[in-house]
Structure formats: structure tokens, C-alpha cells
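File shown here: final-v1.cif, holding mmCIF, C-alpha atoms and all ligand atoms.
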data_my_file
#
loop_
_atom_site.group_PDB
_atom_site.id
_atom_site.type_symbol
_atom_site.label_atom_id
_atom_site.label_comp_id
_atom_site.auth_asym_id
_atom_site.auth_seq_id
_atom_site.Cartn_x
_atom_site.Cartn_y
_atom_site.Cartn_z
ATOM 1 C CA MET K 295 4.342 3.054 -24.282
ATOM 2 C CA ILE K 296 0.987 2.061 -22.835
ATOM 3 C CA LYS K 297 -2.210 4.140 -22.610
ATOM 4 C CA PRO K 298 -4.649 4.171 -19.640
ATOM 5 C CA TYR K 299 -7.308 1.482 -20.057
ATOM 6 C CA LYS K 300 -10.461 0.458 -18.237
ATOM 7 C CA LEU K 301 -9.881 -2.024 -15.402
ATOM 8 C CA SER K 302 -12.136 -5.049 -15.046
ATOM 9 C CA ASN K 303 -13.190 -3.839 -11.591
ATOM 10 C CA ASN K 304 -14.746 -0.470 -10.895
ATOM 11 C CA ASN K 305 -13.160 -0.142 -7.430
ATOM 12 C CA PHE K 306 -9.710 -0.654 -5.937
ATOM 13 C CA LEU K 307 -10.480 -1.774 -2.398
ATOM 14 C CA SER K 308 -7.984 -4.622 -2.262
ATOM 15 C CA SER K 309 -4.882 -5.804 -4.111
ATOM 16 C CA LEU K 310 -7.180 -8.633 -5.207
ATOM 17 C CA ASP K 311 -9.337 -6.224 -7.216
ATOM 18 C CA ILE K 312 -6.834 -6.273 -10.073
ATOM 19 C CA SER K 313 -5.408 -9.175 -12.040
ATOM 20 C CA THR K 314 -1.740 -9.965 -12.614
ATOM 21 C CA ASP K 315 -2.016 -8.558 -16.108
ATOM 22 C CA GLU K 316 -3.599 -5.360 -14.779
ATOM 23 C CA ILE K 317 -0.889 -4.861 -12.118
ATOM 24 C CA ILE K 318 1.816 -5.266 -14.740
ATOM 25 C CA LYS K 319 0.104 -2.716 -16.978
ATOM 26 C CA ILE K 320 -0.417 -0.259 -14.087
ATOM 27 C CA LEU K 321 3.285 -0.494 -13.213
ATOM 28 C CA LYS K 322 4.224 0.126 -16.840
ATOM 29 C CA LEU K 323 1.833 3.067 -16.984
ATOM 30 C CA ALA K 324 3.347 4.424 -13.759
ATOM 31 C CA GLU K 325 6.804 4.259 -15.359
ATOM 32 C CA ASN K 326 5.441 6.167 -18.346
ATOM 33 C CA PHE K 327 4.079 8.867 -16.021
ATOM 34 C CA LYS K 328 7.401 8.984 -14.164
ATOM 35 C CA ASN K 329 9.316 9.444 -17.424
ATOM 36 C CA LYS K 330 6.828 12.115 -18.491
ATOM 37 C CA GLU K 331 5.936 10.114 -21.610
ATOM 38 C CA LEU K 332 2.208 10.513 -21.069
ATOM 39 C CA ASN K 333 0.080 13.585 -21.122
ATOM 40 C CA ILE K 334 -3.466 12.910 -19.987
ATOM 41 C CA ASN K 335 -6.108 15.554 -19.509
ATOM 42 C CA PHE K 336 -8.898 14.806 -17.052
ATOM 43 C CA LYS K 337 -10.054 18.432 -16.890
ATOM 44 C CA ASP K 338 -13.218 18.831 -14.764
ATOM 45 C CA LYS K 339 -12.733 15.420 -13.136
ATOM 46 C CA VAL K 340 -12.819 15.587 -9.334
ATOM 47 C CA LEU K 341 -11.244 13.254 -6.791
ATOM 48 C CA GLY K 342 -12.828 13.315 -3.315
ATOM 49 C CA LEU K 343 -10.662 12.387 -0.316
ATOM 50 C CA ILE K 344 -12.093 11.138 2.987
ATOM 51 C CA PHE K 345 -9.389 10.496 5.573
ATOM 52 C CA ASP K 346 -10.511 9.252 8.997
ATOM 53 C CA LYS K 347 -6.826 8.807 9.920
ATOM 54 C CA SER K 348 -3.801 11.085 9.456
ATOM 55 C CA SER K 349 -1.790 10.998 6.246
ATOM 56 C CA THR K 350 1.083 12.825 4.602
ATOM 57 C CA ARG K 351 2.171 10.682 1.626
ATOM 58 C CA THR K 352 -1.181 9.250 0.552
ATOM 59 C CA ARG K 353 -3.073 12.516 0.797
ATOM 60 C CA VAL K 354 -0.439 14.663 -0.931
ATOM 61 C CA SER K 355 0.456 12.103 -3.607
ATOM 62 C CA PHE K 356 -3.244 11.734 -4.521
ATOM 63 C CA GLN K 357 -3.669 15.516 -4.694
ATOM 64 C CA VAL K 358 -0.565 15.987 -6.843
ATOM 65 C CA ALA K 359 -1.439 12.975 -9.020
ATOM 66 C CA MET K 360 -4.888 14.385 -9.738
ATOM 67 C CA SER K 361 -3.476 17.839 -10.422
ATOM 68 C CA ARG K 362 -0.930 16.368 -12.888
ATOM 69 C CA LEU K 363 -3.802 14.586 -14.637
ATOM 70 C CA GLY K 364 -5.514 17.946 -15.117
ATOM 71 C CA GLY K 365 -8.249 17.358 -12.534
ATOM 72 C CA THR K 366 -8.902 18.680 -9.038
ATOM 73 C CA THR K 367 -9.293 17.272 -5.522
ATOM 74 C CA ILE K 368 -11.654 17.987 -2.642
ATOM 75 C CA ASP K 369 -10.245 17.046 0.744
ATOM 76 C CA LEU K 370 -13.220 16.223 2.950
ATOM 77 C CA ASN K 371 -12.111 16.585 6.519
ATOM 78 C CA PRO K 372 -14.471 14.378 8.587
ATOM 79 C CA THR K 373 -14.451 16.896 11.445
ATOM 80 C CA THR K 374 -15.685 19.779 9.290
ATOM 81 C CA SER K 375 -18.006 17.773 7.014
ATOM 82 C CA GLN K 376 -21.117 15.926 8.232
ATOM 83 C CA ILE K 377 -19.138 12.671 8.123
ATOM 84 C CA GLY K 378 -17.774 13.398 11.622
ATOM 85 C CA ARG K 379 -21.322 13.898 12.883
ATOM 86 C CA GLY K 380 -22.046 10.309 11.911
ATOM 87 C CA GLU K 381 -24.082 10.764 8.734
ATOM 88 C CA PRO K 382 -24.748 7.223 7.436
ATOM 89 C CA ILE K 383 -22.135 6.012 4.957
ATOM 90 C CA LYS K 384 -24.850 5.103 2.459
ATOM 91 C CA ASP K 385 -26.098 8.707 2.421
ATOM 92 C CA THR K 386 -22.642 10.283 2.100
ATOM 93 C CA ALA K 387 -21.687 7.830 -0.666
ATOM 94 C CA ARG K 388 -24.801 8.521 -2.747
ATOM 95 C CA VAL K 389 -24.493 12.305 -2.386
ATOM 96 C CA LEU K 390 -20.763 12.492 -3.124
ATOM 97 C CA SER K 391 -21.278 10.245 -6.179
ATOM 98 C CA ARG K 392 -23.266 13.098 -7.670
ATOM 99 C CA TYR K 393 -20.383 15.591 -7.273
ATOM 100 C CA CYS K 394 -17.132 13.612 -7.483
ATOM 101 C CA ASP K 395 -15.829 11.276 -10.215
ATOM 102 C CA VAL K 396 -13.689 9.068 -7.979
ATOM 103 C CA MET K 397 -13.126 8.736 -4.207
ATOM 104 C CA ALA K 398 -10.094 7.751 -2.121
ATOM 105 C CA ILE K 399 -10.946 6.729 1.440
ATOM 106 C CA ARG K 400 -8.772 6.028 4.487
ATOM 107 C CA THR K 401 -10.624 4.524 7.403
ATOM 108 C CA PHE K 402 -10.436 1.915 10.179
ATOM 109 C CA ASP K 403 -12.835 -0.957 9.413
ATOM 110 C CA HIS K 404 -12.484 -2.409 5.932
ATOM 111 C CA SER K 405 -16.203 -3.168 6.034
ATOM 112 C CA ASP K 406 -16.924 0.603 6.179
ATOM 113 C CA LEU K 407 -14.976 1.042 2.949
ATOM 114 C CA GLU K 408 -16.921 -1.837 1.364
ATOM 115 C CA GLU K 409 -20.177 -0.272 2.558
ATOM 116 C CA TYR K 410 -19.158 3.023 0.949
ATOM 117 C CA ALA K 411 -18.305 1.277 -2.338
ATOM 118 C CA LYS K 412 -21.631 -0.574 -2.278
ATOM 119 C CA TRP K 413 -23.541 2.718 -2.353
ATOM 120 C CA SER K 414 -21.161 4.761 -4.490
ATOM 121 C CA THR K 415 -21.814 4.921 -8.212
ATOM 122 C CA LYS K 416 -18.252 6.194 -8.774
ATOM 123 C CA PRO K 417 -14.986 4.266 -8.340
ATOM 124 C CA VAL K 418 -13.714 3.954 -4.764
ATOM 125 C CA ILE K 419 -10.038 3.540 -3.854
ATOM 126 C CA ASN K 420 -8.684 2.132 -0.594
ATOM 127 C CA ALA K 421 -6.284 4.752 0.793
ATOM 128 C CA LEU K 422 -5.614 2.406 3.784
ATOM 129 C CA THR K 423 -7.832 0.436 6.113
ATOM 130 C CA ASP K 424 -6.910 -1.778 9.056
ATOM 131 C CA LEU K 425 -6.922 -4.707 6.605
ATOM 132 C CA GLU K 426 -5.105 -3.435 3.496
ATOM 133 C CA HIS K 427 -3.015 -0.691 1.919
ATOM 134 C CA PRO K 428 -3.138 -1.663 -1.785
ATOM 135 C CA CYS K 429 -1.965 1.717 -3.202
ATOM 136 C CA GLN K 430 1.167 1.375 -1.093
ATOM 137 C CA ALA K 431 1.810 -2.103 -2.521
ATOM 138 C CA LEU K 432 1.633 -0.761 -6.095
ATOM 139 C CA ALA K 433 4.341 1.814 -5.324
ATOM 140 C CA ASP K 434 6.387 -0.831 -3.498
ATOM 141 C CA PHE K 435 6.422 -3.198 -6.464
ATOM 142 C CA LEU K 436 7.177 -0.293 -8.801
ATOM 143 C CA THR K 437 10.261 0.422 -6.653
ATOM 144 C CA ILE K 438 11.239 -3.260 -6.685
ATOM 145 C CA LYS K 439 10.804 -3.396 -10.474
ATOM 146 C CA GLU K 440 13.035 -0.339 -10.913
ATOM 147 C CA GLU K 441 15.775 -2.145 -9.030
ATOM 148 C CA PHE K 442 15.472 -5.704 -10.321
ATOM 149 C CA ILE K 443 13.855 -5.099 -13.788
ATOM 150 C CA ASP K 444 11.448 -7.996 -13.328
ATOM 151 C CA PHE K 445 10.172 -10.043 -10.392
ATOM 152 C CA LYS K 446 11.828 -13.314 -11.300
ATOM 153 C CA ASN K 447 13.673 -14.823 -8.300
ATOM 154 C CA VAL K 448 13.009 -11.781 -6.121
ATOM 155 C CA VAL K 449 12.581 -12.657 -2.436
ATOM 156 C CA LEU K 450 10.780 -10.037 -0.351
ATOM 157 C CA THR K 451 10.989 -10.272 3.433
ATOM 158 C CA PHE K 452 8.654 -8.185 5.552
ATOM 159 C CA VAL K 453 9.697 -7.844 9.201
ATOM 160 C CA GLY K 454 6.994 -6.621 11.565
ATOM 161 C CA ASP K 455 3.270 -6.638 12.194
ATOM 162 C CA GLY K 456 1.203 -8.762 9.804
ATOM 163 C CA ASN K 457 -1.486 -6.150 9.244
ATOM 164 C CA ASN K 458 -2.535 -3.784 6.430
ATOM 165 C CA VAL K 459 0.801 -3.143 4.674
ATOM 166 C CA ALA K 460 1.901 -6.780 4.994
ATOM 167 C CA ASN K 461 -1.487 -8.086 3.802
ATOM 168 C CA SER K 462 -1.394 -6.033 0.590
ATOM 169 C CA LEU K 463 2.263 -6.937 -0.033
ATOM 170 C CA ILE K 464 1.363 -10.620 0.278
ATOM 171 C CA LEU K 465 -1.543 -10.394 -2.177
ATOM 172 C CA CYS K 466 0.285 -8.237 -4.707
ATOM 173 C CA GLY K 467 3.403 -10.414 -4.321
ATOM 174 C CA ALA K 468 1.332 -13.540 -4.959
ATOM 175 C CA LEU K 469 -0.189 -12.031 -8.106
ATOM 176 C CA LEU K 470 3.311 -11.184 -9.345
ATOM 177 C CA GLY K 471 4.774 -14.578 -8.371
ATOM 178 C CA VAL K 472 7.231 -13.066 -5.862
ATOM 179 C CA GLU K 473 8.373 -15.132 -2.873
ATOM 180 C CA VAL K 474 7.135 -13.296 0.230
ATOM 181 C CA ARG K 475 8.425 -14.078 3.713
ATOM 182 C CA ILE K 476 6.812 -12.540 6.769
ATOM 183 C CA ALA K 477 8.765 -12.462 10.035
ATOM 184 C CA CYS K 478 6.506 -11.487 12.922
ATOM 185 C CA PRO K 479 6.022 -12.287 16.616
ATOM 186 C CA LYS K 480 3.525 -15.027 17.503
ATOM 187 C CA GLY K 481 -0.021 -13.686 17.419
ATOM 188 C CA TYR K 482 0.784 -10.973 14.852
ATOM 189 C CA GLU K 483 0.512 -13.120 11.726
ATOM 190 C CA PRO K 484 -1.216 -11.743 8.607
ATOM 191 C CA ASN K 485 -4.955 -12.130 8.086
ATOM 192 C CA PRO K 486 -5.898 -15.839 7.562
ATOM 193 C CA PHE K 487 -8.118 -15.010 4.565
ATOM 194 C CA VAL K 488 -5.177 -13.186 2.947
ATOM 195 C CA ILE K 489 -2.868 -16.154 3.597
ATOM 196 C CA ASN K 490 -5.362 -18.618 2.066
ATOM 197 C CA LYS K 491 -6.018 -16.397 -0.904
ATOM 198 C CA ALA K 492 -2.286 -15.927 -1.563
ATOM 199 C CA ASN K 493 -1.628 -19.685 -1.376
ATOM 200 C CA GLU K 494 -4.449 -20.225 -3.837
ATOM 201 C CA ILE K 495 -2.912 -17.677 -6.240
ATOM 202 C CA TYR K 496 0.550 -19.208 -5.799
ATOM 203 C CA LYS K 497 -1.084 -22.560 -6.631
ATOM 204 C CA ASN K 498 0.389 -23.920 -3.372
ATOM 205 C CA LYS K 499 3.977 -23.510 -4.585
ATOM 206 C CA ASN K 500 5.023 -22.654 -1.019
ATOM 207 C CA LEU K 501 6.120 -19.134 -1.969
ATOM 208 C CA LEU K 502 4.538 -17.548 1.113
ATOM 209 C CA LYS K 503 6.479 -18.183 4.294
ATOM 210 C CA ILE K 504 5.379 -16.991 7.714
ATOM 211 C CA THR K 505 7.792 -17.380 10.589
ATOM 212 C CA ASN K 506 8.880 -16.010 13.956
ATOM 213 C CA ASP K 507 12.517 -16.635 13.019
ATOM 214 C CA ILE K 508 13.678 -13.263 11.772
ATOM 215 C CA TYR K 509 17.215 -14.349 10.726
ATOM 216 C CA ASN K 510 15.926 -17.281 8.727
ATOM 217 C CA ALA K 511 13.373 -15.050 6.978
ATOM 218 C CA VAL K 512 15.979 -12.462 6.029
ATOM 219 C CA SER K 513 18.660 -14.907 4.872
ATOM 220 C CA GLY K 514 19.478 -14.208 1.198
ATOM 221 C CA ALA K 515 16.461 -11.909 0.689
ATOM 222 C CA ASN K 516 16.562 -9.224 -2.029
ATOM 223 C CA VAL K 517 14.148 -6.801 -0.387
ATOM 224 C CA LEU K 518 13.802 -6.076 3.339
ATOM 225 C CA TYR K 519 10.648 -4.221 4.269
ATOM 226 C CA THR K 520 9.270 -2.998 7.569
ATOM 227 C CA ASP K 521 6.455 -0.866 8.981
ATOM 228 C CA VAL K 522 5.637 0.611 12.397
ATOM 229 C CA TRP K 523 5.013 -1.769 15.280
ATOM 230 C CA SER K 524 1.878 0.111 16.382
ATOM 231 C CA SER K 525 -0.408 1.283 13.610
ATOM 232 C CA MET K 526 -2.793 4.227 13.660
ATOM 233 C CA GLY K 527 -5.617 3.396 16.042
ATOM 234 C CA GLU K 528 -3.363 1.168 18.203
ATOM 235 C CA GLU K 529 -1.986 3.938 20.388
ATOM 236 C CA LYS K 530 -3.193 2.199 23.570
ATOM 237 C CA GLN K 531 -1.278 -0.999 22.710
ATOM 238 C CA LYS K 532 1.989 0.847 22.020
ATOM 239 C CA GLU K 533 3.781 -0.070 25.249
ATOM 240 C CA GLU K 534 2.806 -3.732 24.979
ATOM 241 C CA LYS K 535 3.739 -3.932 21.282
ATOM 242 C CA ASP K 536 7.106 -2.223 21.866
ATOM 243 C CA GLU K 537 7.858 -5.114 24.201
ATOM 244 C CA VAL K 538 6.578 -7.898 21.889
ATOM 245 C CA PHE K 539 8.345 -6.547 18.773
ATOM 246 C CA ASN K 540 11.579 -5.770 20.597
ATOM 247 C CA ARG K 541 13.678 -8.219 18.492
ATOM 248 C CA PHE K 542 12.057 -7.216 15.191
ATOM 249 C CA THR K 543 14.263 -4.281 14.242
ATOM 250 C CA ILE K 544 15.934 -3.939 10.845
ATOM 251 C CA ASP K 545 19.477 -2.945 11.812
ATOM 252 C CA SER K 546 22.830 -3.307 10.051
ATOM 253 C CA ASP K 547 23.434 -6.779 11.523
ATOM 254 C CA LEU K 548 20.155 -8.004 10.078
ATOM 255 C CA VAL K 549 20.807 -6.342 6.702
ATOM 256 C CA ALA K 550 24.129 -8.241 6.581
ATOM 257 C CA GLN K 551 22.170 -11.542 6.525
ATOM 258 C CA ALA K 552 20.299 -10.563 3.355
ATOM 259 C CA ASP K 553 21.635 -10.635 -0.201
ATOM 260 C CA LYS K 554 24.529 -8.173 -0.539
ATOM 261 C CA ASP K 555 22.535 -6.072 -3.039
ATOM 262 C CA ALA K 556 19.312 -6.182 -1.029
ATOM 263 C CA ILE K 557 17.272 -3.000 -0.918
ATOM 264 C CA ILE K 558 15.476 -1.647 2.132
ATOM 265 C CA LEU K 559 11.893 -0.408 2.013
ATOM 266 C CA HIS K 560 9.593 1.216 4.588
ATOM 267 C CA CYS K 561 6.152 2.640 3.805
ATOM 268 C CA LEU K 562 6.799 5.537 6.252
ATOM 269 C CA PRO K 563 6.203 7.224 8.627
ATOM 270 C CA ALA K 564 8.929 5.426 10.614
ATOM 271 C CA TYR K 565 9.889 5.278 14.254
ATOM 272 C CA ARG K 566 13.645 5.366 13.949
ATOM 273 C CA SER K 567 15.379 3.026 16.422
ATOM 274 C CA LYS K 568 12.190 0.983 16.852
ATOM 275 C CA GLU K 569 11.364 -1.048 13.686
ATOM 276 C CA ILE K 570 14.396 0.301 11.775
ATOM 277 C CA THR K 571 17.608 2.065 12.685
ATOM 278 C CA ASP K 572 18.595 5.504 11.528
ATOM 279 C CA GLU K 573 21.697 4.006 9.933
ATOM 280 C CA VAL K 574 19.638 1.624 7.746
ATOM 281 C CA ILE K 575 17.144 4.300 6.646
ATOM 282 C CA GLU K 576 20.018 6.551 5.602
ATOM 283 C CA GLY K 577 22.213 3.706 4.291
ATOM 284 C CA LYS K 578 23.200 3.095 0.654
ATOM 285 C CA ASN K 579 20.744 0.206 0.250
ATOM 286 C CA SER K 580 17.736 2.250 1.301
ATOM 287 C CA ARG K 581 15.217 3.045 -1.443
ATOM 288 C CA ILE K 582 12.693 4.401 1.059
ATOM 289 C CA PHE K 583 12.424 7.892 -0.418
ATOM 290 C CA ASP K 584 12.179 6.604 -4.017
ATOM 291 C CA GLN K 585 9.423 4.344 -2.745
ATOM 292 C CA ALA K 586 7.572 7.349 -1.259
ATOM 293 C CA GLU K 587 7.995 9.245 -4.549
ATOM 294 C CA ASN K 588 6.617 6.282 -6.478
ATOM 295 C CA ARG K 589 3.280 6.616 -4.657
ATOM 296 C CA LEU K 590 2.641 9.569 -6.969
ATOM 297 C CA TYR K 591 3.218 7.723 -10.261
ATOM 298 C CA ALA K 592 1.439 4.543 -9.160
ATOM 299 C CA GLN K 593 -1.619 6.593 -8.198
ATOM 300 C CA GLN K 594 -1.494 8.642 -11.398
ATOM 301 C CA ALA K 595 -1.621 5.326 -13.243
ATOM 302 C CA LEU K 596 -4.423 3.950 -11.074
ATOM 303 C CA LEU K 597 -6.543 7.122 -11.316
ATOM 304 C CA SER K 598 -6.074 7.331 -15.075
ATOM 305 C CA CYS K 599 -7.383 3.766 -15.445
ATOM 306 C CA LEU K 600 -10.312 4.216 -13.049
ATOM 307 C CA LEU K 601 -11.321 7.425 -14.845
ATOM 308 C CA SER K 602 -10.996 5.885 -18.340
HETATM 309 N N1 LIG V 701 2.746 5.325 3.677
HETATM 310 C C1 LIG V 701 1.654 6.074 3.898
HETATM 311 O O1 LIG V 701 0.521 5.704 3.589
HETATM 312 O O2 LIG V 701 1.947 7.273 4.482
HETATM 313 P P1 LIG V 701 0.874 8.314 5.023
HETATM 314 O O3 LIG V 701 0.259 7.728 6.267
HETATM 315 O O4 LIG V 701 1.684 9.552 5.319
HETATM 316 O O5 LIG V 701 -0.148 8.547 3.965
HETATM 317 N N1 LIG V 702 0.539 0.099 9.363
HETATM 318 C C1 LIG V 702 0.579 1.549 9.345
HETATM 319 C C2 LIG V 702 0.795 2.028 7.960
HETATM 320 C C3 LIG V 702 0.910 3.532 7.819
HETATM 321 C C4 LIG V 702 1.094 3.964 6.395
HETATM 322 C C5 LIG V 702 -0.709 2.086 9.941
HETATM 323 O O1 LIG V 702 -1.776 1.531 9.639
HETATM 324 O O2 LIG V 702 -0.663 3.048 10.691
#
Do you think you could lay out the structure here as C-alpha cells?
Ligand code: CP
Ligand code: NVA
Amino acid sequence: MIKPYKLSNNNFLSSLDISTDEIIKILKLAENFKNKELNINFKDKVLGLIFDKSSTRTRVSFQVAMSRLGGTTIDLNPTTSQIGRGEPIKDTARVLSRYCDVMAIRTFDHSDLEEYAKWSTKPVINALTDLEHPCQALADFLTIKEEFIDFKNVVLTFVGDGNNVANSLILCGALLGVEVRIACPKGYEPNPFVINKANEIYKNKNLLKITNDIYNAVSGANVLYTDVWSSMGEEKQKEEKDEVFNRFTIDSDLVAQADKDAIILHCLPAYRSKEITDEVIEGKNSRIFDQAENRLYAQQALLSCLLS
């Protein structure tokens, strides 16, 4: 059993904010929380939530995680707090630092999250930006670990838009030495900085593959992962993206190209019959609901370290 420990970084804004060793320990800690082997009491500690975009899983799993750790949560709705009025981030961050012990923030521009963290004297967690979704990646690799025990020889193929979820999967995958393949339409490749960073971490072992050839990317893979074609904030591009991503659906024919024991992941919420079929979500290889559950344990582990 492992106890919560202080991370080298005060914030968790990116998958890059933790080392390989720290990810491995967080995953172990998450397993301990899942098996109810740990009883931590953060009485009087308060987690503040600022969500500029909708959320079901992230919001609720953070609230339940904090409650299980003995602390409480304040959900700051931007429309009823002064945040929606446009109070400067640097003012909000300094004030909330005096009330809350840790913050989880979901917003559009990653630079707004960085600005918040710059002024906050308390740890700040990325609860999703347009660039990254690192809490999701922790739960994803916890789910993969539960299935395959370790990450040796695991091939993870992400089919879809190379944005936030894909970027964090790439970085976390690189830190864990997992081969990551991204199959996306031309023009929807992951962030170039993320690609360079991952290749650096992989020490140029060619373990990150980005392609438009979906069948090639899926061939023999152990994990197939997808996300919505149009993310929050992209509502106006929906029609155009539906057209561009038309071939990028995880259906039974595509699953048949992967390893026979491959598991299927989706961060949710899903558009059934767009990026994934109903049959695949409900199929025997789907671990999508375990993955959603694992958000809770991964975040319990993360919070317990950031509050230590
Ligand atoms: N996967 C995820 O972050 O879901 P929510 O948008 O419901 O939080
Ligand atoms: N890429 C999606 C993820 C939702 C959890 C979005 O940003 O809307």
C-alpha cells in the first residue's frame, strides 16, 4: 500500500506536470482508494470548482472524491459568481486562494488556466481546457492498467480529433512508454508542441504514430479510444466536422481489425452512431463505464497528493 505524498509540482495543469514515477504512484494510490484500503481525512479542506463549460463526470467525480476524503466542495457557477461578469482572473485567483485549499478549473483557453495558476497560491487542477484533459488521462491509464496489469507492449489507438483528450493521452502515454497511434483526418492532428514533447520523452523511439489511415492505426491495437468529433465550444463547426470525420467511426468492423482482446474506451459524453456505434459502446469489449468510474479514484489520488 502507498500513502499520499507531495508531488514535485504544485499544480496539475498538464500531463507533463507529473513525472513517470509520480503517475505510477498516483495510479497505485487510485487503486488503493478503489479497494478502500486508504482512509484519509482532509476535514476542513475545501475544493473550489470553476466550470466555464458543462460537465457531468468531472464535476461530480471531483465532488464525490472530495467528500470521500472528508473535505467539502464549492461549485462556483460563473453565471452567478462575479466570474461571469468578467472579473479579472488575477483578482479571482488571489481572493479564492484565501478561502479554498485547491481549485479545479474547466475553461476554453489553456492560457487562462495558466494565468489563474500564476496568481493562485493554492494548487490548481486542469478539469479540461481546449488543449488538455489530464485528469481524464489518469483515469484512462488506470483502466488500461486494470486490464493489462502493466503497460508493456500495450498499443493504444485514438480515433478522432487530435485535441484535448488526445493531447493528454499522448503525453501520459509517452511518460508511461505506451505506443500511441492517432488516426485523424488531415488538419486535425494533435498539437505540434505535444507531438514534439512526446517524441522527446520517447527518446525518438518512434512510439507515437499519427496517420489518416484508420485501419492501419487500429491493426493489432490493444486499446481503441475515441471522443466526440465536435468538442464543447465548436458547435458552429459541427456540420462541417460531421462531414470531415465521416469515416472515423469505431464500429464492429473496425474493432475486428484490433487485437481480439482489445478494449474500447470513450471519455464520454458520446454521440452514438457518430464517433462510435451503440453496439460497440454496449459490447463485451467496452470498458467505458469502468473508465468513467475510475475518474473518481484517480482524482481522489490526485487531490490527496496535492493537499499533502
Ligand atoms: N469526460 C468528461 O470530462 O466528462 P464531463 O464533460 O461530463 O465532465
Ligand atoms: N473533447 C471533448 C471532451 C469532453 C470530455 C470536449 O472538449 O468537449
* Asked: Within 10 Å of ligand LIG 701 (chain V), counting all atoms listed in the file: which residues, as number ranges by chain?
  -> K: 345, 347-356, 400, 421-422, 427-431, 433, 459, 521, 525-526, 560-564, 585-586, 589
* Once the PyMOL selection byres (((chain K and resi 395) around 6) and not hetatm) has been applied to the shown file, what residues remain in the selection, as a PyMOL selection string? -> chain K and resi 339-340+394+396+416
* To do: Skip Glu576 of chain K itself and residues of its chain fewer than 6 positions away, then list as a PyMOL selection string all residues within 12 Å of it, counting only C-alpha atoms.
  => chain K and resi 545-546+557-560+566+570+582-583
First collect every listed atom of ligand LIG 702 (chain V); then fit an axis-aligned box around them, widen it by 5 Å on each side, and give centre and edge lengths in Å to one decimal, as AutoDock Vina command-line options.
--center_x -0.3 --center_y 2.0 --center_z 8.5 --size_x 12.9 --size_y 13.9 --size_z 14.3
Ref. answer, residues at most 10 Å from (11.0, -0.3, 13.8) with all atoms listed in the file, as a PDB file with C-alpha atoms, keeping the file's coordinate frame:
ATOM      1  CA  VAL K 453       9.697  -7.844   9.201  1.00  0.00           C
ATOM      2  CA  GLY K 454       6.994  -6.621  11.565  1.00  0.00           C
ATOM      3  CA  THR K 520       9.270  -2.998   7.569  1.00  0.00           C
ATOM      4  CA  ASP K 521       6.455  -0.866   8.981  1.00  0.00           C
ATOM      5  CA  VAL K 522       5.637   0.611  12.397  1.00  0.00           C
ATOM      6  CA  TRP K 523       5.013  -1.769  15.280  1.00  0.00           C
ATOM      7  CA  SER K 524       1.878   0.111  16.382  1.00  0.00           C
ATOM      8  CA  ASP K 536       7.106  -2.223  21.866  1.00  0.00           C
ATOM      9  CA  PHE K 539       8.345  -6.547  18.773  1.00  0.00           C
ATOM     10  CA  ASN K 540      11.579  -5.770  20.597  1.00  0.00           C
ATOM     11  CA  ARG K 541      13.678  -8.219  18.492  1.00  0.00           C
ATOM     12  CA  PHE K 542      12.057  -7.216  15.191  1.00  0.00           C
ATOM     13  CA  THR K 543      14.263  -4.281  14.242  1.00  0.00           C
ATOM     14  CA  ILE K 544      15.934  -3.939  10.845  1.00  0.00           C
ATOM     15  CA  ASP K 545      19.477  -2.945  11.812  1.00  0.00           C
ATOM     16  CA  HIS K 560       9.593   1.216   4.588  1.00  0.00           C
ATOM     17  CA  ALA K 564       8.929   5.426  10.614  1.00  0.00           C
ATOM     18  CA  TYR K 565       9.889   5.278  14.254  1.00  0.00           C
ATOM     19  CA  ARG K 566      13.645   5.366  13.949  1.00  0.00           C
ATOM     20  CA  SER K 567      15.379   3.026  16.422  1.00  0.00           C
ATOM     21  CA  LYS K 568      12.190   0.983  16.852  1.00  0.00           C
ATOM     22  CA  GLU K 569      11.364  -1.048  13.686  1.00  0.00           C
ATOM     23  CA  ILE K 570      14.396   0.301  11.775  1.00  0.00           C
ATOM     24  CA  THR K 571      17.608   2.065  12.685  1.00  0.00           C
ATOM     25  CA  ASP K 572      18.595   5.504  11.528  1.00  0.00           C
TER      26      ASP K 572
END
For N, CA and C atoms, please extract segment 363-375 of chain K from the block and return it as an mmCIF file, in the first residue's frame.
data_model
loop_
_atom_site.group_PDB
_atom_site.id
_atom_site.type_symbol
_atom_site.label_atom_id
_atom_site.label_comp_id
_atom_site.auth_asym_id
_atom_site.auth_seq_id
_atom_site.Cartn_x
_atom_site.Cartn_y
_atom_site.Cartn_z
ATOM 1 N N LEU K 363 -12.819 12.153 0.817
ATOM 2 C CA LEU K 363 -11.569 12.497 1.522
ATOM 3 C C LEU K 363 -11.864 13.300 2.790
ATOM 4 N N GLY K 364 -13.135 13.508 3.063
ATOM 5 C CA GLY K 364 -13.511 14.206 4.308
ATOM 6 C C GLY K 364 -13.621 15.704 4.160
ATOM 7 N N GLY K 365 -13.392 16.227 2.952
ATOM 8 C CA GLY K 365 -13.461 17.675 2.741
ATOM 9 C C GLY K 365 -14.766 18.082 2.073
ATOM 10 N N THR K 366 -14.850 19.339 1.674
ATOM 11 C CA THR K 366 -16.064 19.822 1.004
ATOM 12 C C THR K 366 -15.703 20.535 -0.302
ATOM 13 N N THR K 367 -16.746 20.822 -1.088
ATOM 14 C CA THR K 367 -16.550 21.455 -2.400
ATOM 15 C C THR K 367 -17.457 22.680 -2.529
ATOM 16 N N ILE K 368 -16.956 23.705 -3.178
ATOM 17 C CA ILE K 368 -17.820 24.840 -3.544
ATOM 18 C C ILE K 368 -17.846 24.900 -5.066
ATOM 19 N N ASP K 369 -19.041 24.792 -5.622
ATOM 20 C CA ASP K 369 -19.184 24.834 -7.077
ATOM 21 C C ASP K 369 -19.505 26.260 -7.486
ATOM 22 N N LEU K 370 -18.514 26.940 -8.056
ATOM 23 C CA LEU K 370 -18.681 28.346 -8.424
ATOM 24 C C LEU K 370 -19.223 28.453 -9.839
ATOM 25 N N ASN K 371 -20.496 28.692 -9.947
ATOM 26 C CA ASN K 371 -21.096 28.821 -11.259
ATOM 27 C C ASN K 371 -20.741 30.200 -11.825
ATOM 28 N N PRO K 372 -20.019 30.260 -12.953
ATOM 29 C CA PRO K 372 -19.599 31.574 -13.471
ATOM 30 C C PRO K 372 -20.752 32.539 -13.681
ATOM 31 N N THR K 373 -21.958 32.037 -13.946
ATOM 32 C CA THR K 373 -23.062 32.975 -14.212
ATOM 33 C C THR K 373 -23.619 33.578 -12.929
ATOM 34 N N THR K 374 -23.419 32.927 -11.788
ATOM 35 C CA THR K 374 -23.937 33.521 -10.549
ATOM 36 C C THR K 374 -22.821 34.091 -9.664
ATOM 37 N N SER K 375 -21.556 33.849 -10.046
ATOM 38 C CA SER K 375 -20.454 34.500 -9.323
ATOM 39 C C SER K 375 -20.001 35.695 -10.179
#
